[in-house]
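One file, structure_23.txt, is given below (compact mmCIF, N, CA and C atoms).
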```
# COMPACT_ATOMS: atom_id res chain seq x y z
N MET A 880 129.86 89.43 96.29
CA MET A 880 128.57 89.86 95.80
C MET A 880 127.53 89.81 96.92
N SER A 881 127.76 89.03 97.95
CA SER A 881 126.78 88.90 99.02
C SER A 881 126.65 90.17 99.84
N GLU A 882 127.66 91.05 99.80
CA GLU A 882 127.55 92.28 100.56
C GLU A 882 126.51 93.23 99.97
N PHE A 883 126.11 93.03 98.74
CA PHE A 883 125.12 93.90 98.11
C PHE A 883 123.71 93.36 98.23
N ARG A 884 123.55 92.23 98.88
CA ARG A 884 122.24 91.64 99.05
C ARG A 884 121.43 92.47 100.05
N LYS A 885 120.15 92.62 99.77
CA LYS A 885 119.29 93.38 100.68
C LYS A 885 119.17 92.67 102.01
N ARG A 886 119.18 93.44 103.07
CA ARG A 886 119.04 92.89 104.40
C ARG A 886 117.62 93.03 104.91
N TYR A 887 116.75 93.56 104.08
CA TYR A 887 115.35 93.67 104.45
C TYR A 887 114.51 93.20 103.28
N ALA A 888 113.30 92.79 103.58
CA ALA A 888 112.37 92.32 102.56
C ALA A 888 111.36 93.44 102.29
N VAL A 889 110.63 93.31 101.20
CA VAL A 889 109.66 94.33 100.80
C VAL A 889 108.25 93.78 101.01
N ILE A 890 107.40 94.62 101.60
CA ILE A 890 106.00 94.25 101.78
C ILE A 890 105.28 94.58 100.49
N LYS A 891 104.58 93.61 99.93
CA LYS A 891 103.89 93.82 98.66
C LYS A 891 102.40 93.54 98.73
N SER A 892 101.96 92.71 99.65
CA SER A 892 100.56 92.31 99.63
C SER A 892 99.68 93.34 100.34
N ASN A 893 98.52 93.54 99.79
CA ASN A 893 97.57 94.51 100.33
C ASN A 893 97.14 94.10 101.74
N ARG A 894 97.05 92.81 101.99
CA ARG A 894 96.66 92.32 103.31
C ARG A 894 97.64 92.78 104.39
N ASP A 895 98.94 92.72 104.09
CA ASP A 895 99.96 93.15 105.05
C ASP A 895 99.88 94.66 105.31
N PHE A 896 99.67 95.43 104.24
CA PHE A 896 99.54 96.89 104.41
C PHE A 896 98.33 97.21 105.28
N THR A 897 97.20 96.60 104.98
CA THR A 897 95.97 96.86 105.73
C THR A 897 96.13 96.46 107.19
N TYR A 898 96.76 95.33 107.43
CA TYR A 898 96.98 94.86 108.80
C TYR A 898 97.82 95.86 109.59
N LEU A 899 98.88 96.36 108.97
CA LEU A 899 99.73 97.33 109.66
C LEU A 899 99.01 98.66 109.89
N PHE A 900 98.20 99.08 108.94
CA PHE A 900 97.45 100.33 109.13
C PHE A 900 96.50 100.21 110.31
N LYS A 901 95.91 99.03 110.49
CA LYS A 901 94.93 98.85 111.57
C LYS A 901 95.58 98.54 112.90
N LYS A 902 96.57 97.65 112.92
CA LYS A 902 97.12 97.13 114.18
C LYS A 902 98.49 97.70 114.55
N GLY A 903 99.14 98.39 113.62
CA GLY A 903 100.49 98.86 113.88
C GLY A 903 100.53 100.13 114.71
N GLU A 904 101.65 100.34 115.36
CA GLU A 904 101.88 101.56 116.12
C GLU A 904 102.35 102.63 115.14
N SER A 905 101.82 103.84 115.25
CA SER A 905 102.15 104.87 114.27
C SER A 905 103.04 105.95 114.87
N VAL A 906 103.91 106.47 114.01
CA VAL A 906 104.77 107.60 114.34
C VAL A 906 104.54 108.63 113.25
N VAL A 907 104.21 109.86 113.67
CA VAL A 907 103.88 110.91 112.70
C VAL A 907 104.87 112.06 112.86
N ASN A 908 105.40 112.52 111.74
CA ASN A 908 106.19 113.75 111.72
C ASN A 908 106.01 114.43 110.37
N HIS A 909 106.71 115.51 110.14
CA HIS A 909 106.47 116.27 108.91
C HIS A 909 107.02 115.60 107.66
N GLY A 910 107.90 114.61 107.82
CA GLY A 910 108.49 113.96 106.66
C GLY A 910 107.75 112.71 106.20
N PHE A 911 107.17 111.97 107.14
CA PHE A 911 106.50 110.72 106.81
C PHE A 911 105.64 110.28 107.97
N VAL A 912 104.81 109.28 107.72
CA VAL A 912 104.09 108.57 108.77
C VAL A 912 104.59 107.14 108.72
N CYS A 913 104.91 106.59 109.87
CA CYS A 913 105.43 105.23 109.92
C CYS A 913 104.51 104.37 110.78
N TYR A 914 104.11 103.23 110.24
CA TYR A 914 103.38 102.21 110.99
C TYR A 914 104.33 101.05 111.18
N MET A 915 104.45 100.56 112.42
CA MET A 915 105.37 99.44 112.66
C MET A 915 104.75 98.44 113.61
N ARG A 916 105.19 97.21 113.46
CA ARG A 916 104.69 96.13 114.30
C ARG A 916 105.76 95.04 114.34
N PRO A 917 106.01 94.48 115.52
CA PRO A 917 107.00 93.39 115.60
C PRO A 917 106.53 92.14 114.83
N ARG A 918 107.48 91.40 114.34
CA ARG A 918 107.18 90.13 113.68
C ARG A 918 108.05 89.04 114.28
N ARG A 919 107.75 87.81 113.98
CA ARG A 919 108.38 86.70 114.68
C ARG A 919 109.81 86.42 114.22
N ALA A 920 110.03 86.35 112.94
CA ALA A 920 111.35 85.90 112.49
C ALA A 920 111.71 86.55 111.17
N GLY A 921 112.87 86.20 110.68
CA GLY A 921 113.29 86.67 109.37
C GLY A 921 113.94 88.04 109.41
N LYS A 922 113.75 88.77 108.33
CA LYS A 922 114.34 90.10 108.18
C LYS A 922 113.30 91.16 108.49
N ASN A 923 113.78 92.38 108.67
CA ASN A 923 112.86 93.51 108.74
C ASN A 923 112.21 93.66 107.36
N ARG A 924 110.93 94.01 107.35
CA ARG A 924 110.24 94.23 106.08
C ARG A 924 109.80 95.67 106.01
N VAL A 925 109.80 96.23 104.80
CA VAL A 925 109.43 97.63 104.63
C VAL A 925 108.49 97.76 103.43
N GLY A 926 107.51 98.64 103.58
CA GLY A 926 106.61 99.00 102.49
C GLY A 926 106.51 100.51 102.45
N ILE A 927 106.42 101.07 101.26
CA ILE A 927 106.36 102.53 101.11
C ILE A 927 105.13 102.88 100.30
N VAL A 928 104.35 103.84 100.82
CA VAL A 928 103.13 104.28 100.16
C VAL A 928 103.26 105.75 99.84
N THR A 929 102.96 106.11 98.61
CA THR A 929 102.93 107.53 98.23
C THR A 929 101.62 107.79 97.50
N GLY A 930 100.83 108.66 98.06
CA GLY A 930 99.55 109.00 97.45
C GLY A 930 99.71 110.11 96.42
N LYS A 931 98.63 110.41 95.73
CA LYS A 931 98.69 111.44 94.69
C LYS A 931 98.86 112.85 95.24
N LYS A 932 98.56 113.03 96.52
CA LYS A 932 98.74 114.35 97.12
C LYS A 932 100.22 114.74 97.25
N VAL A 933 101.09 113.75 97.15
CA VAL A 933 102.53 114.03 97.23
C VAL A 933 102.98 114.82 96.02
N GLY A 934 102.39 114.57 94.87
CA GLY A 934 102.77 115.30 93.66
C GLY A 934 102.68 114.40 92.44
N ASN A 935 103.35 114.83 91.39
CA ASN A 935 103.33 114.03 90.17
C ASN A 935 104.23 112.80 90.32
N ALA A 936 104.33 112.00 89.28
CA ALA A 936 105.05 110.73 89.37
C ALA A 936 106.52 110.92 89.73
N VAL A 937 107.13 111.98 89.24
CA VAL A 937 108.54 112.23 89.54
C VAL A 937 108.73 112.48 91.03
N LYS A 938 107.86 113.27 91.63
CA LYS A 938 107.96 113.57 93.06
C LYS A 938 107.64 112.34 93.91
N ARG A 939 106.65 111.56 93.48
CA ARG A 939 106.33 110.34 94.24
C ARG A 939 107.49 109.36 94.21
N ASN A 940 108.13 109.20 93.05
CA ASN A 940 109.28 108.30 92.96
C ASN A 940 110.45 108.81 93.78
N ARG A 941 110.67 110.12 93.79
CA ARG A 941 111.74 110.69 94.61
C ARG A 941 111.47 110.44 96.09
N ALA A 942 110.22 110.61 96.51
CA ALA A 942 109.86 110.36 97.91
C ALA A 942 110.14 108.91 98.27
N ARG A 943 109.78 107.97 97.40
CA ARG A 943 110.05 106.55 97.67
C ARG A 943 111.54 106.27 97.74
N ARG A 944 112.31 106.85 96.82
CA ARG A 944 113.77 106.63 96.82
C ARG A 944 114.41 107.16 98.10
N ILE A 945 113.98 108.35 98.53
CA ILE A 945 114.55 108.95 99.73
C ILE A 945 114.25 108.08 100.96
N ILE A 946 113.01 107.66 101.10
CA ILE A 946 112.63 106.84 102.25
C ILE A 946 113.35 105.49 102.20
N ARG A 947 113.43 104.89 101.03
CA ARG A 947 114.10 103.58 100.89
C ARG A 947 115.58 103.67 101.27
N GLU A 948 116.25 104.73 100.83
CA GLU A 948 117.67 104.89 101.14
C GLU A 948 117.88 105.16 102.63
N ALA A 949 117.04 105.99 103.21
CA ALA A 949 117.16 106.27 104.64
C ALA A 949 116.93 104.99 105.45
N PHE A 950 115.96 104.18 105.04
CA PHE A 950 115.73 102.92 105.74
C PHE A 950 116.90 101.97 105.56
N ARG A 951 117.50 101.96 104.39
CA ARG A 951 118.67 101.10 104.17
C ARG A 951 119.80 101.48 105.12
N LEU A 952 119.94 102.77 105.41
CA LEU A 952 121.00 103.23 106.30
C LEU A 952 120.69 102.95 107.78
N ILE A 953 119.41 102.97 108.14
CA ILE A 953 119.05 102.78 109.55
C ILE A 953 118.81 101.31 109.90
N ASP A 954 118.63 100.46 108.91
CA ASP A 954 118.33 99.05 109.17
C ASP A 954 119.43 98.35 109.98
N PRO A 955 120.72 98.55 109.70
CA PRO A 955 121.74 97.92 110.55
C PRO A 955 121.68 98.40 112.00
N VAL A 956 121.32 99.65 112.21
CA VAL A 956 121.20 100.19 113.57
C VAL A 956 120.05 99.50 114.29
N ILE A 957 118.95 99.29 113.59
CA ILE A 957 117.79 98.61 114.18
C ILE A 957 118.17 97.18 114.56
N ARG A 958 118.85 96.48 113.66
CA ARG A 958 119.23 95.09 113.93
C ARG A 958 120.23 95.00 115.08
N GLU A 959 121.09 96.01 115.20
CA GLU A 959 122.08 96.01 116.27
C GLU A 959 121.43 96.34 117.62
N LYS A 960 120.45 97.22 117.60
CA LYS A 960 119.85 97.69 118.84
C LYS A 960 118.90 96.67 119.47
N THR A 961 118.21 95.91 118.65
CA THR A 961 117.24 94.95 119.18
C THR A 961 117.30 93.65 118.40
N ASN A 962 116.96 92.56 119.07
CA ASN A 962 116.94 91.26 118.42
C ASN A 962 115.63 91.00 117.70
N LYS A 963 114.63 91.83 117.94
CA LYS A 963 113.33 91.67 117.28
C LYS A 963 113.41 92.12 115.83
N ARG A 964 112.48 91.62 115.04
CA ARG A 964 112.34 92.06 113.65
C ARG A 964 110.98 92.74 113.53
N PHE A 965 110.87 93.68 112.60
CA PHE A 965 109.68 94.50 112.49
C PHE A 965 109.20 94.60 111.05
N ASP A 966 107.91 94.89 110.93
CA ASP A 966 107.33 95.31 109.66
C ASP A 966 107.15 96.82 109.74
N PHE A 967 107.58 97.53 108.72
CA PHE A 967 107.43 98.98 108.66
C PHE A 967 106.66 99.35 107.40
N VAL A 968 105.73 100.28 107.53
CA VAL A 968 105.10 100.89 106.37
C VAL A 968 105.28 102.39 106.52
N PHE A 969 105.92 103.00 105.53
CA PHE A 969 106.13 104.44 105.52
C PHE A 969 105.17 105.06 104.53
N VAL A 970 104.47 106.09 104.98
CA VAL A 970 103.56 106.83 104.12
C VAL A 970 104.20 108.19 103.88
N ALA A 971 104.50 108.49 102.63
CA ALA A 971 105.13 109.77 102.30
C ALA A 971 104.13 110.91 102.45
N ARG A 972 104.62 112.05 102.86
CA ARG A 972 103.78 113.23 102.98
C ARG A 972 104.18 114.23 101.91
N ALA A 973 103.45 115.32 101.80
CA ALA A 973 103.67 116.30 100.74
C ALA A 973 105.07 116.91 100.79
N LYS A 974 105.64 117.01 101.97
CA LYS A 974 106.98 117.60 102.12
C LYS A 974 108.11 116.64 101.82
N THR A 975 107.84 115.37 101.77
CA THR A 975 108.89 114.36 101.63
C THR A 975 109.80 114.57 100.42
N PRO A 976 109.29 114.86 99.22
CA PRO A 976 110.20 115.01 98.08
C PRO A 976 111.16 116.19 98.20
N THR A 977 110.84 117.17 99.03
CA THR A 977 111.71 118.34 99.17
C THR A 977 112.81 118.12 100.19
N LEU A 978 112.72 117.06 100.99
CA LEU A 978 113.72 116.78 102.01
C LEU A 978 114.86 115.94 101.45
N LYS A 979 115.99 116.01 102.12
CA LYS A 979 117.16 115.22 101.75
C LYS A 979 117.13 113.89 102.52
N THR A 980 117.91 112.93 102.05
CA THR A 980 117.97 111.63 102.69
C THR A 980 118.44 111.74 104.14
N GLN A 981 119.42 112.58 104.38
CA GLN A 981 119.95 112.74 105.74
C GLN A 981 118.90 113.31 106.69
N GLN A 982 118.03 114.18 106.18
CA GLN A 982 116.97 114.73 107.01
C GLN A 982 115.96 113.64 107.38
N ILE A 983 115.59 112.82 106.41
CA ILE A 983 114.66 111.71 106.68
C ILE A 983 115.32 110.73 107.64
N LEU A 984 116.60 110.46 107.45
CA LEU A 984 117.33 109.55 108.33
C LEU A 984 117.33 110.06 109.77
N SER A 985 117.56 111.35 109.95
CA SER A 985 117.56 111.90 111.30
C SER A 985 116.17 111.84 111.92
N LEU A 986 115.12 112.03 111.11
CA LEU A 986 113.76 111.88 111.62
C LEU A 986 113.50 110.44 112.05
N MET A 987 114.00 109.48 111.27
CA MET A 987 113.83 108.07 111.63
C MET A 987 114.56 107.76 112.94
N LYS A 988 115.79 108.26 113.07
CA LYS A 988 116.55 108.01 114.30
C LYS A 988 115.86 108.63 115.51
N LYS A 989 115.34 109.82 115.33
CA LYS A 989 114.74 110.54 116.45
C LYS A 989 113.38 109.97 116.84
N ASN A 990 112.58 109.51 115.88
CA ASN A 990 111.21 109.11 116.16
C ASN A 990 110.98 107.60 116.23
N ILE A 991 111.71 106.83 115.45
CA ILE A 991 111.45 105.39 115.37
C ILE A 991 112.30 104.59 116.36
N LEU A 992 113.59 104.90 116.46
CA LEU A 992 114.47 104.11 117.32
C LEU A 992 114.01 104.07 118.78
N PRO A 993 113.54 105.17 119.38
CA PRO A 993 113.09 105.06 120.77
C PRO A 993 111.88 104.15 120.96
N LYS A 994 111.05 103.97 119.93
CA LYS A 994 109.83 103.15 120.05
C LYS A 994 110.12 101.65 119.92
N LEU A 995 111.31 101.28 119.50
CA LEU A 995 111.62 99.87 119.25
C LEU A 995 112.01 99.09 120.50
N GLN A 996 112.08 99.72 121.62
CA GLN A 996 112.52 99.04 122.85
C GLN A 996 111.57 97.98 123.27
```
Taking this structure as input, can you express it in the form of structure tokens?
Amino acid sequence: MSEFRKRYAVIKSNRDFTYLFKKGESVVNHGFVCYMRPRRAGKNRVGIVTGKKVGNAVKRNRARRIIREAFRLIDPVIREKTNKRFDFVFVARAKTPTLKTQQILSLMKKNILPKLQ
């Protein structure tokens, strides 16, 4: 049962989101905006924001699911590539619900992995 345990934590507090928006390094592409910042210990943490411009509730939930699944797939690569841990906040864009998980994953690999060095 331990293999199904999450390897990342979820950011829930408004203070953490605000801190990352102000102090985090941002990566922008057509699928999402990512704010990231190194942290001292523990697991990688992720937070996902979807505004009303993304669409109705169904589209916003789809955008969150797609980003969450893509992050789940890239998290082991991040842990393997660097010993540091990071906080990530992903902001969904209007195009996000129309994209597939593999497309978001390739955007993450192309835009986020080079910045983690």
Using only N, CA and C atoms, which protein or nucleic acid residues come within 7 Å of range 918-934 of chain A? Drop anything in the same chain fewer than 6 positions from it, and give the result as JSON, numbers by chain. {"A": [886, 887, 888, 889, 890, 891, 943, 963, 964, 965, 966, 967, 968, 969, 970, 971, 972, 973, 974]}
Could you write out that same residue set with N, CA and C atoms as a compact mmCIF listing (two decimals), in the frame of the given file?
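For reference, again24.txt as written:
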```
# COMPACT_ATOMS: atom_id res chain seq x y z
N ARG A 886 119.18 93.44 103.07
CA ARG A 886 119.04 92.89 104.40
C ARG A 886 117.62 93.03 104.91
N TYR A 887 116.75 93.56 104.08
CA TYR A 887 115.35 93.67 104.45
C TYR A 887 114.51 93.20 103.28
N ALA A 888 113.30 92.79 103.58
CA ALA A 888 112.37 92.32 102.56
C ALA A 888 111.36 93.44 102.29
N VAL A 889 110.63 93.31 101.20
CA VAL A 889 109.66 94.33 100.80
C VAL A 889 108.25 93.78 101.01
N ILE A 890 107.40 94.62 101.60
CA ILE A 890 106.00 94.25 101.78
C ILE A 890 105.28 94.58 100.49
N LYS A 891 104.58 93.61 99.93
CA LYS A 891 103.89 93.82 98.66
C LYS A 891 102.40 93.54 98.73
N ARG A 943 109.78 107.97 97.40
CA ARG A 943 110.05 106.55 97.67
C ARG A 943 111.54 106.27 97.74
N LYS A 963 114.63 91.83 117.94
CA LYS A 963 113.33 91.67 117.28
C LYS A 963 113.41 92.12 115.83
N ARG A 964 112.48 91.62 115.04
CA ARG A 964 112.34 92.06 113.65
C ARG A 964 110.98 92.74 113.53
N PHE A 965 110.87 93.68 112.60
CA PHE A 965 109.68 94.50 112.49
C PHE A 965 109.20 94.60 111.05
N ASP A 966 107.91 94.89 110.93
CA ASP A 966 107.33 95.31 109.66
C ASP A 966 107.15 96.82 109.74
N PHE A 967 107.58 97.53 108.72
CA PHE A 967 107.43 98.98 108.66
C PHE A 967 106.66 99.35 107.40
N VAL A 968 105.73 100.28 107.53
CA VAL A 968 105.10 100.89 106.37
C VAL A 968 105.28 102.39 106.52
N PHE A 969 105.92 103.00 105.53
CA PHE A 969 106.13 104.44 105.52
C PHE A 969 105.17 105.06 104.53
N VAL A 970 104.47 106.09 104.98
CA VAL A 970 103.56 106.83 104.12
C VAL A 970 104.20 108.19 103.88
N ALA A 971 104.50 108.49 102.63
CA ALA A 971 105.13 109.77 102.30
C ALA A 971 104.13 110.91 102.45
N ARG A 972 104.62 112.05 102.86
CA ARG A 972 103.78 113.23 102.98
C ARG A 972 104.18 114.23 101.91
N ALA A 973 103.45 115.32 101.80
CA ALA A 973 103.67 116.30 100.74
C ALA A 973 105.07 116.91 100.79
N LYS A 974 105.64 117.01 101.97
CA LYS A 974 106.98 117.60 102.12
C LYS A 974 108.11 116.64 101.82
```
If you measure from CA of Met987 in chain A to CA of Asp954 in chain A, what distance in Å do you get, rounded to one decimal? 10.4 Å
Between atom C of Leu952 in chain A and CA of Asp895 in chain A, measure the distance and give it in Å to one decimal. 23.1 Å
Residues near Glu904 in chain A, anyone? I mean within 10 Å using only C-alpha atoms, not counting same-chain ones fewer than 3 positions away, as an mmCIF file with N, CA and C atoms, in the frame of the given file.
```cif
data_model
loop_
_atom_site.group_PDB
_atom_site.id
_atom_site.type_symbol
_atom_site.label_atom_id
_atom_site.label_comp_id
_atom_site.auth_asym_id
_atom_site.auth_seq_id
_atom_site.Cartn_x
_atom_site.Cartn_y
_atom_site.Cartn_z
ATOM 1 N N LEU A 899 98.880 96.360 108.970
ATOM 2 C CA LEU A 899 99.730 97.330 109.660
ATOM 3 C C LEU A 899 99.010 98.660 109.890
ATOM 4 N N PHE A 900 98.200 99.080 108.940
ATOM 5 C CA PHE A 900 97.450 100.330 109.130
ATOM 6 C C PHE A 900 96.500 100.210 110.310
ATOM 7 N N LYS A 901 95.910 99.030 110.490
ATOM 8 C CA LYS A 901 94.930 98.850 111.570
ATOM 9 C C LYS A 901 95.580 98.540 112.900
ATOM 10 N N CYS A 913 104.910 106.590 109.870
ATOM 11 C CA CYS A 913 105.430 105.230 109.920
ATOM 12 C C CYS A 913 104.510 104.370 110.780
ATOM 13 N N TYR A 914 104.110 103.230 110.240
ATOM 14 C CA TYR A 914 103.380 102.210 110.990
ATOM 15 C C TYR A 914 104.330 101.050 111.180
ATOM 16 N N MET A 915 104.450 100.560 112.420
ATOM 17 C CA MET A 915 105.370 99.440 112.660
ATOM 18 C C MET A 915 104.750 98.440 113.610
ATOM 19 N N ARG A 916 105.190 97.210 113.460
ATOM 20 C CA ARG A 916 104.690 96.130 114.300
ATOM 21 C C ARG A 916 105.760 95.040 114.340
ATOM 22 N N PRO A 917 106.010 94.480 115.520
ATOM 23 C CA PRO A 917 107.000 93.390 115.600
ATOM 24 C C PRO A 917 106.530 92.140 114.830
ATOM 25 N N PHE A 967 107.580 97.530 108.720
ATOM 26 C CA PHE A 967 107.430 98.980 108.660
ATOM 27 C C PHE A 967 106.660 99.350 107.400
ATOM 28 N N LYS A 994 111.050 103.970 119.930
ATOM 29 C CA LYS A 994 109.830 103.150 120.050
ATOM 30 C C LYS A 994 110.120 101.650 119.920
#
```
Would you please work out which residue, of A:Gly903, A:Ala949, A:Pro976, A:Arg958, is nearest to Lys988 in chain A when using only C-alpha atoms?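 The answer is A:Ala949, which sits nearest to Lys988 in chain A.
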Report as a compact mmCIF listing (two decimals) with N, CA and C atoms, in the frame of the given file: the residues of chain A with a DSSP assignment of helix (DSSP H, G or I), based on the backbone of this structure.
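Written file, part-v5.txt:
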```txt
# COMPACT_ATOMS: atom_id res chain seq x y z
N SER A 881 127.76 89.03 97.95
CA SER A 881 126.78 88.90 99.02
C SER A 881 126.65 90.17 99.84
N GLU A 882 127.66 91.05 99.80
CA GLU A 882 127.55 92.28 100.56
C GLU A 882 126.51 93.23 99.97
N PHE A 883 126.11 93.03 98.74
CA PHE A 883 125.12 93.90 98.11
C PHE A 883 123.71 93.36 98.23
N ASN A 893 98.52 93.54 99.79
CA ASN A 893 97.57 94.51 100.33
C ASN A 893 97.14 94.10 101.74
N ARG A 894 97.05 92.81 101.99
CA ARG A 894 96.66 92.32 103.31
C ARG A 894 97.64 92.78 104.39
N ASP A 895 98.94 92.72 104.09
CA ASP A 895 99.96 93.15 105.05
C ASP A 895 99.88 94.66 105.31
N PHE A 896 99.67 95.43 104.24
CA PHE A 896 99.54 96.89 104.41
C PHE A 896 98.33 97.21 105.28
N THR A 897 97.20 96.60 104.98
CA THR A 897 95.97 96.86 105.73
C THR A 897 96.13 96.46 107.19
N TYR A 898 96.76 95.33 107.43
CA TYR A 898 96.98 94.86 108.80
C TYR A 898 97.82 95.86 109.59
N LEU A 899 98.88 96.36 108.97
CA LEU A 899 99.73 97.33 109.66
C LEU A 899 99.01 98.66 109.89
N PHE A 900 98.20 99.08 108.94
CA PHE A 900 97.45 100.33 109.13
C PHE A 900 96.50 100.21 110.31
N LYS A 901 95.91 99.03 110.49
CA LYS A 901 94.93 98.85 111.57
C LYS A 901 95.58 98.54 112.90
N LYS A 902 96.57 97.65 112.92
CA LYS A 902 97.12 97.13 114.18
C LYS A 902 98.49 97.70 114.55
N LYS A 931 98.63 110.41 95.73
CA LYS A 931 98.69 111.44 94.69
C LYS A 931 98.86 112.85 95.24
N LYS A 932 98.56 113.03 96.52
CA LYS A 932 98.74 114.35 97.12
C LYS A 932 100.22 114.74 97.25
N VAL A 933 101.09 113.75 97.15
CA VAL A 933 102.53 114.03 97.23
C VAL A 933 102.98 114.82 96.02
N ALA A 936 104.33 112.00 89.28
CA ALA A 936 105.05 110.73 89.37
C ALA A 936 106.52 110.92 89.73
N VAL A 937 107.13 111.98 89.24
CA VAL A 937 108.54 112.23 89.54
C VAL A 937 108.73 112.48 91.03
N LYS A 938 107.86 113.27 91.63
CA LYS A 938 107.96 113.57 93.06
C LYS A 938 107.64 112.34 93.91
N ARG A 939 106.65 111.56 93.48
CA ARG A 939 106.33 110.34 94.24
C ARG A 939 107.49 109.36 94.21
N ASN A 940 108.13 109.20 93.05
CA ASN A 940 109.28 108.30 92.96
C ASN A 940 110.45 108.81 93.78
N ARG A 941 110.67 110.12 93.79
CA ARG A 941 111.74 110.69 94.61
C ARG A 941 111.47 110.44 96.09
N ALA A 942 110.22 110.61 96.51
CA ALA A 942 109.86 110.36 97.91
C ALA A 942 110.14 108.91 98.27
N ARG A 943 109.78 107.97 97.40
CA ARG A 943 110.05 106.55 97.67
C ARG A 943 111.54 106.27 97.74
N ARG A 944 112.31 106.85 96.82
CA ARG A 944 113.77 106.63 96.82
C ARG A 944 114.41 107.16 98.10
N ILE A 945 113.98 108.35 98.53
CA ILE A 945 114.55 108.95 99.73
C ILE A 945 114.25 108.08 100.96
N ILE A 946 113.01 107.66 101.10
CA ILE A 946 112.63 106.84 102.25
C ILE A 946 113.35 105.49 102.20
N ARG A 947 113.43 104.89 101.03
CA ARG A 947 114.10 103.58 100.89
C ARG A 947 115.58 103.67 101.27
N GLU A 948 116.25 104.73 100.83
CA GLU A 948 117.67 104.89 101.14
C GLU A 948 117.88 105.16 102.63
N ALA A 949 117.04 105.99 103.21
CA ALA A 949 117.16 106.27 104.64
C ALA A 949 116.93 104.99 105.45
N PHE A 950 115.96 104.18 105.04
CA PHE A 950 115.73 102.92 105.74
C PHE A 950 116.90 101.97 105.56
N ARG A 951 117.50 101.96 104.39
CA ARG A 951 118.67 101.10 104.17
C ARG A 951 119.80 101.48 105.12
N LEU A 952 119.94 102.77 105.41
CA LEU A 952 121.00 103.23 106.30
C LEU A 952 120.69 102.95 107.78
N ILE A 953 119.41 102.97 108.14
CA ILE A 953 119.05 102.78 109.55
C ILE A 953 118.81 101.31 109.90
N ASP A 954 118.63 100.46 108.91
CA ASP A 954 118.33 99.05 109.17
C ASP A 954 119.43 98.35 109.98
N PRO A 955 120.72 98.55 109.70
CA PRO A 955 121.74 97.92 110.55
C PRO A 955 121.68 98.40 112.00
N VAL A 956 121.32 99.65 112.21
CA VAL A 956 121.20 100.19 113.57
C VAL A 956 120.05 99.50 114.29
N ILE A 957 118.95 99.29 113.59
CA ILE A 957 117.79 98.61 114.18
C ILE A 957 118.17 97.18 114.56
N ARG A 958 118.85 96.48 113.66
CA ARG A 958 119.23 95.09 113.93
C ARG A 958 120.23 95.00 115.08
N GLU A 959 121.09 96.01 115.20
CA GLU A 959 122.08 96.01 116.27
C GLU A 959 121.43 96.34 117.62
N LYS A 960 120.45 97.22 117.60
CA LYS A 960 119.85 97.69 118.84
C LYS A 960 118.90 96.67 119.47
N THR A 975 107.84 115.37 101.77
CA THR A 975 108.89 114.36 101.63
C THR A 975 109.80 114.57 100.42
N PRO A 976 109.29 114.86 99.22
CA PRO A 976 110.20 115.01 98.08
C PRO A 976 111.16 116.19 98.20
N THR A 977 110.84 117.17 99.03
CA THR A 977 111.71 118.34 99.17
C THR A 977 112.81 118.12 100.19
N THR A 980 117.91 112.93 102.05
CA THR A 980 117.97 111.63 102.69
C THR A 980 118.44 111.74 104.14
N GLN A 981 119.42 112.58 104.38
CA GLN A 981 119.95 112.74 105.74
C GLN A 981 118.90 113.31 106.69
N GLN A 982 118.03 114.18 106.18
CA GLN A 982 116.97 114.73 107.01
C GLN A 982 115.96 113.64 107.38
N ILE A 983 115.59 112.82 106.41
CA ILE A 983 114.66 111.71 106.68
C ILE A 983 115.32 110.73 107.64
N LEU A 984 116.60 110.46 107.45
CA LEU A 984 117.33 109.55 108.33
C LEU A 984 117.33 110.06 109.77
N SER A 985 117.56 111.35 109.95
CA SER A 985 117.56 111.90 111.30
C SER A 985 116.17 111.84 111.92
N LEU A 986 115.12 112.03 111.11
CA LEU A 986 113.76 111.88 111.62
C LEU A 986 113.50 110.44 112.05
N MET A 987 114.00 109.48 111.27
CA MET A 987 113.83 108.07 111.63
C MET A 987 114.56 107.76 112.94
N LYS A 988 115.79 108.26 113.07
CA LYS A 988 116.55 108.01 114.30
C LYS A 988 115.86 108.63 115.51
N LYS A 989 115.34 109.82 115.33
CA LYS A 989 114.74 110.54 116.45
C LYS A 989 113.38 109.97 116.84
N ASN A 990 112.58 109.51 115.88
CA ASN A 990 111.21 109.11 116.16
C ASN A 990 110.98 107.60 116.23
N LEU A 992 113.59 104.90 116.46
CA LEU A 992 114.47 104.11 117.32
C LEU A 992 114.01 104.07 118.78
N PRO A 993 113.54 105.17 119.38
CA PRO A 993 113.09 105.06 120.77
C PRO A 993 111.88 104.15 120.96
N LYS A 994 111.05 103.97 119.93
CA LYS A 994 109.83 103.15 120.05
C LYS A 994 110.12 101.65 119.92
N LEU A 995 111.31 101.28 119.50
CA LEU A 995 111.62 99.87 119.25
C LEU A 995 112.01 99.09 120.50
```
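Between atom N of Thr975 in chain A and CA of Ala942 in chain A the interatomic distance comes to 6.6 Å.
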Using only C-alpha atoms, pick whichever of A:Leu978, A:Leu986, A:Val906, A:Val912 has the shortest atom-to-atom distance to Arg941 in chain A.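 Using only C-alpha atoms, the shortest distance to Arg941 in chain A belongs to A:Leu978.
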If DSSP is run on the backbone, what residues of chain A are strand (DSSP E)? A reply as a ChimeraX atom specification would be ideal. /A:887-889,904-907,911-918,923-928,964-971
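You can rank A:Gln996, A:Ile945, A:Lys960, A:Asn935 by their closest distance to Lys979 in chain A using all atoms listed in the file, and at the top of that list sits A:Ile945.
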From the block I gave, I'd like range 935-945 of chain A written with C-alpha atoms, as a CSV table (one decimal), in the first residue's frame.
```csv
chain,number,residue,atom,x,y,z
A,935,ASN,CA,-17.0,26.7,-15.9
A,936,ALA,CA,-16.5,24.3,-13.0
A,937,VAL,CA,-16.1,21.2,-15.2
A,938,LYS,CA,-13.3,22.9,-17.2
A,939,ARG,CA,-11.5,24.2,-14.1
A,940,ASN,CA,-11.6,20.7,-12.5
A,941,ARG,CA,-10.3,19.1,-15.7
A,942,ALA,CA,-7.4,21.7,-15.8
A,943,ARG,CA,-6.5,20.8,-12.2
A,944,ARG,CA,-6.6,17.1,-12.9
A,945,ILE,CA,-4.4,17.4,-15.9
```
